[in-house]
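Peer 1: Structure provided below as structure tokens; questions to follow.
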Amino acid sequence: MEIKQRTRRRGEQKVKKAEWSEAWQIAAVYVGTVIGAGFATGREIMEFFTRYGAAGTVGIIISGFLFIWGGARLMVMARRIGAISYDELNRYLFGRMLSPFVTLVMTAMIAGVTAVMIAGAGSVFEEQIGWPRQAGIALTLGLALVVMLLDRKGLFGVNVLVVPMMMIFSATVLIKMMMVGDLCRPDMVASDYSLKAMLSPFSYAAFNLAMAQAVLVPVAREATGERAVKRGAMLGGVILTGLLLLNHIVLLSFPQKDDYDIPMAEVVRTFFAMLYWLYVVVIYGEIFTSVIGGLFGLARQVRVWVPSGGKWLGVLLVLLFAAVSPFRYGELLSFLYPLFGYMSLMLLWLLWRRRLPHR
């Protein structure tokens, strides 16, 4: 009897360990898909949170809750209706009449953000390493193709490697600033509670959930259990909140932040030049995870429309995105991001309004 109980306990422990391992992989994919070049440079955090001072800190907490709740609800909903791609989830959320239009718009948004990230990769190589921009884009697309051919294993592998690196870097920068005594400046107390500041955490979370949907829907469907999905969403939301807070506090403590397009680069250059190359690697890692997430989600959706595509879809998508290389990162980002943010608010509202299907 004791031997049977011991064997059962060992079996339960193995199952729990496997669930937490899968939850961490889902969380890493969630985090890696949400954060991109705008996050690493500090520009995105500045625009949505830091410019509002202490009100921005409150906004990050609200946004963090929405990432935990919205990510879990989105993935569980997709899993329970058996959605293969974000098109099927849209059908449940928006109805059969509106969903084709919504899916078309969302596909254009995901393609647009992926194009921004690819252009951003070219800018990193051009501005920070001195390579021709086209060479940086070609290398990025080549690496993306390799990961795409590995399918789900490639997606998990890249994010499990890059996300901890981002977490360590953000924590290191904060600790360094604490050591030199530059935290808690007076402008941390300043606050702006305007309507734009109030809407900011909602539009930020809505936009990122809409973009992550392309990856989270197939990942949720292929997960071994619902509990791993919920834990992955919770872990991912907590990590995202922590990273937002770390970078927000650092930017609040840097008085010249408004004078630069890439404020985090100036923080690193000013206070700890020895970490600058690590910062460049982190930026590129964040861009690359976003590129992979976008390509993975688009490939899954196109497979629904063209079932016979197989792995050749990855090759085709990489070749198509090579066409964005003439466009510059800043031009694409400033045009597309504000537009997409407000368009995504409807998704957040419907996630709350729609009933969660029974198991």
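Going through the structure tokens in order, the chains are called A, B, and so on, while each chain numbers its residues from 1 and the ligands are numbered from 1 in the order shown.
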For the interface of segment 122-224 of chain A with segment 31-53 of chain A (cut-off 10 Å, counting only C-alpha atoms), please tabulate each contacting residue of segment 122-224 of chain A alongside its nearest pair of atoms and their separation in Å to one decimal, rows sorted by chain and increasing number, as a tab-separated table.
Peer 2:
residue	atom	partner	partner_atom	distance
A:Val124	CA	A:Ala37	CA	9.5
A:Leu155	CA	A:Gly32	CA	9.7
A:Phe156	CA	A:Gly32	CA	9.7
A:Val158	CA	A:Gly32	CA	8.8
A:Asn159	CA	A:Gly32	CA	5.7
A:Val160	CA	A:Gly32	CA	8.6
A:Leu161	CA	A:Gly32	CA	9.9
A:Val162	CA	A:Gly32	CA	7.6
A:Val163	CA	A:Gly32	CA	6.1
A:Pro164	CA	A:Gly32	CA	9.9
A:Met166	CA	A:Ala40	CA	8.6
A:Ser170	CA	A:Ala40	CA	9.3
A:Pro186	CA	A:Gly53	CA	10.0
A:Asp187	CA	A:Gly53	CA	6.8
A:Met188	CA	A:Gly53	CA	5.6
A:Val189	CA	A:Gly53	CA	6.6
A:Ala190	CA	A:Gly53	CA	5.2
A:Ser191	CA	A:Gly53	CA	4.6
A:Asp192	CA	A:Tyr52	CA	4.9
A:Tyr193	CA	A:Tyr52	CA	7.4
A:Ser194	CA	A:Tyr52	CA	8.7
A:Lys196	CA	A:Phe48	CA	9.2
A:Ala197	CA	A:Tyr52	CA	6.5
A:Met198	CA	A:Tyr52	CA	9.6
A:Leu199	CA	A:Phe48	CA	9.3
A:Ser200	CA	A:Phe48	CA	5.6
A:Pro201	CA	A:Phe48	CA	7.1
A:Phe202	CA	A:Phe48	CA	9.9
A:Ser203	CA	A:Phe48	CA	8.7
A:Tyr204	CA	A:Phe48	CA	7.0
A:Ala205	CA	A:Val34	CA	9.4
A:Phe207	CA	A:Val34	CA	9.3
A:Asn208	CA	A:Val34	CA	5.7
A:Leu209	CA	A:Val34	CA	7.6
A:Ala210	CA	A:Val34	CA	9.7
A:Met211	CA	A:Val34	CA	7.5
A:Ala212	CA	A:Thr33	CA	5.9
A:Gln213	CA	A:Thr33	CA	9.4
A:Ala214	CA	A:Thr33	CA	9.6
A:Val215	CA	A:Thr33	CA	7.7
A:Leu216	CA	A:Thr33	CA	9.0
Peer 1: Write down as a PyMOL selection string the residues of segment 112-192 of chain A whose backbone DSSP state falls under alpha helix (DSSP H).
Peer 2: chain A and resi 112-124+133-149+152-179
Peer 1: Per residue of segment 213-319 of chain A within 6 Å of segment 71-93 of chain A, note the shortest atom pair and the distance in Å to one decimal, counting only C-alpha atoms, and order the rows by chain and increasing residue number, as CSV.
Peer 2:
residue,atom,partner,partner_atom,distance
A:Ala214,CA,A:Tyr86,CA,5.5
A:Val217,CA,A:Ala78,CA,5.8
A:Pro218,CA,A:Ile84,CA,5.6
A:Ala220,CA,A:Met75,CA,5.4
A:Arg221,CA,A:Arg79,CA,4.9
A:Lys230,CA,A:Ala72,CA,5.3
A:Ala233,CA,A:Ala72,CA,5.0
A:Gln301,CA,A:Ser85,CA,5.4
Peer 1: Those same residues, written as a PDB file, in the first residue's frame with C-alpha atoms?
Peer 2:
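The resulting result_27.pdb:
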ATOM      1  CA  ALA A 214      -1.934  35.627 -33.055  1.00  0.00           C
ATOM      2  CA  VAL A 217      -4.418  31.297 -29.540  1.00  0.00           C
ATOM      3  CA  PRO A 218      -2.425  28.443 -31.183  1.00  0.00           C
ATOM      4  CA  ALA A 220      -3.248  27.731 -25.838  1.00  0.00           C
ATOM      5  CA  ARG A 221      -4.777  25.113 -28.127  1.00  0.00           C
ATOM      6  CA  LYS A 230      -3.778  29.905 -16.685  1.00  0.00           C
ATOM      7  CA  ALA A 233      -0.859  33.866 -18.321  1.00  0.00           C
ATOM      8  CA  GLN A 301      -3.655  31.989 -39.783  1.00  0.00           C
TER       9      GLN A 301
END
Peer 1: Using only C-alpha atoms, find the one residue out of A:Leu245, A:Ala54, A:Leu104, A:Leu195 that sits nearest to Met167 of chain A.
Peer 2: A:Leu245
Peer 1: Just the residues within 10 Å of Leu174 of chain A, please, counting only C-alpha atoms, with nothing from its chain fewer than 3 positions along; format it as number ranges by chain.
Peer 2: A: 169-171, 177-179, 182-183, 246-251, 253
Peer 1: Please produce a file of those selected residues containing N, CA, C and O atoms, as a PDB file, in the first residue's frame.
Peer 2:
ATOM      1  N   PHE A 169      18.711  42.258 -17.262  1.00  0.00           N
ATOM      2  CA  PHE A 169      19.203  43.573 -17.660  1.00  0.00           C
ATOM      3  C   PHE A 169      18.422  44.685 -16.972  1.00  0.00           C
ATOM      4  O   PHE A 169      19.008  45.625 -16.424  1.00  0.00           O
ATOM      5  N   SER A 170      17.099  44.610 -16.990  1.00  0.00           N
ATOM      6  CA  SER A 170      16.263  45.654 -16.377  1.00  0.00           C
ATOM      7  C   SER A 170      16.543  45.785 -14.886  1.00  0.00           C
ATOM      8  O   SER A 170      16.655  46.892 -14.350  1.00  0.00           O
ATOM      9  N   ALA A 171      16.678  44.632 -14.198  1.00  0.00           N
ATOM     10  CA  ALA A 171      16.969  44.651 -12.756  1.00  0.00           C
ATOM     11  C   ALA A 171      18.349  45.237 -12.489  1.00  0.00           C
ATOM     12  O   ALA A 171      18.543  46.006 -11.534  1.00  0.00           O
ATOM     13  N   MET A 177      21.356  52.211 -10.600  1.00  0.00           N
ATOM     14  CA  MET A 177      20.897  53.575 -10.325  1.00  0.00           C
ATOM     15  C   MET A 177      20.640  53.783  -8.834  1.00  0.00           C
ATOM     16  O   MET A 177      20.844  54.871  -8.307  1.00  0.00           O
ATOM     17  N   MET A 178      20.196  52.739  -8.157  1.00  0.00           N
ATOM     18  CA  MET A 178      20.022  52.814  -6.701  1.00  0.00           C
ATOM     19  C   MET A 178      21.374  53.017  -6.017  1.00  0.00           C
ATOM     20  O   MET A 178      21.501  53.808  -5.081  1.00  0.00           O
ATOM     21  N   MET A 179      22.405  52.342  -6.529  1.00  0.00           N
ATOM     22  CA  MET A 179      23.743  52.421  -5.931  1.00  0.00           C
ATOM     23  C   MET A 179      24.366  53.805  -6.098  1.00  0.00           C
ATOM     24  O   MET A 179      25.066  54.287  -5.219  1.00  0.00           O
ATOM     25  N   ASP A 182      20.548  57.846  -7.701  1.00  0.00           N
ATOM     26  CA  ASP A 182      19.803  58.685  -8.632  1.00  0.00           C
ATOM     27  C   ASP A 182      18.324  58.334  -8.737  1.00  0.00           C
ATOM     28  O   ASP A 182      17.635  58.811  -9.629  1.00  0.00           O
ATOM     29  N   LEU A 183      17.832  57.498  -7.845  1.00  0.00           N
ATOM     30  CA  LEU A 183      16.403  57.172  -7.866  1.00  0.00           C
ATOM     31  C   LEU A 183      15.607  58.175  -7.032  1.00  0.00           C
ATOM     32  O   LEU A 183      16.170  58.938  -6.249  1.00  0.00           O
ATOM     33  N   LEU A 246      10.065  48.437 -13.534  1.00  0.00           N
ATOM     34  CA  LEU A 246      11.520  48.638 -13.449  1.00  0.00           C
ATOM     35  C   LEU A 246      11.975  49.735 -14.414  1.00  0.00           C
ATOM     36  O   LEU A 246      12.673  50.672 -14.028  1.00  0.00           O
ATOM     37  N   ASN A 247      11.546  49.621 -15.672  1.00  0.00           N
ATOM     38  CA  ASN A 247      11.970  50.598 -16.682  1.00  0.00           C
ATOM     39  C   ASN A 247      11.336  51.966 -16.452  1.00  0.00           C
ATOM     40  O   ASN A 247      11.977  52.994 -16.683  1.00  0.00           O
ATOM     41  N   HIS A 248      10.100  51.978 -15.982  1.00  0.00           N
ATOM     42  CA  HIS A 248       9.394  53.232 -15.685  1.00  0.00           C
ATOM     43  C   HIS A 248      10.103  54.014 -14.569  1.00  0.00           C
ATOM     44  O   HIS A 248      10.320  55.225 -14.678  1.00  0.00           O
ATOM     45  N   ILE A 249      10.496  53.320 -13.511  1.00  0.00           N
ATOM     46  CA  ILE A 249      11.187  53.979 -12.379  1.00  0.00           C
ATOM     47  C   ILE A 249      12.535  54.539 -12.827  1.00  0.00           C
ATOM     48  O   ILE A 249      12.915  55.659 -12.471  1.00  0.00           O
ATOM     49  N   VAL A 250      13.250  53.754 -13.652  1.00  0.00           N
ATOM     50  CA  VAL A 250      14.537  54.230 -14.178  1.00  0.00           C
ATOM     51  C   VAL A 250      14.344  55.491 -15.013  1.00  0.00           C
ATOM     52  O   VAL A 250      15.078  56.477 -14.869  1.00  0.00           O
ATOM     53  N   LEU A 251      13.346  55.499 -15.887  1.00  0.00           N
ATOM     54  CA  LEU A 251      13.103  56.657 -16.752  1.00  0.00           C
ATOM     55  C   LEU A 251      12.629  57.870 -15.957  1.00  0.00           C
ATOM     56  O   LEU A 251      13.006  59.006 -16.260  1.00  0.00           O
ATOM     57  N   SER A 253      13.592  58.640 -13.112  1.00  0.00           N
ATOM     58  CA  SER A 253      14.764  59.136 -12.387  1.00  0.00           C
ATOM     59  C   SER A 253      15.784  59.813 -13.291  1.00  0.00           C
ATOM     60  O   SER A 253      16.815  60.280 -12.814  1.00  0.00           O
TER      61      SER A 253
END
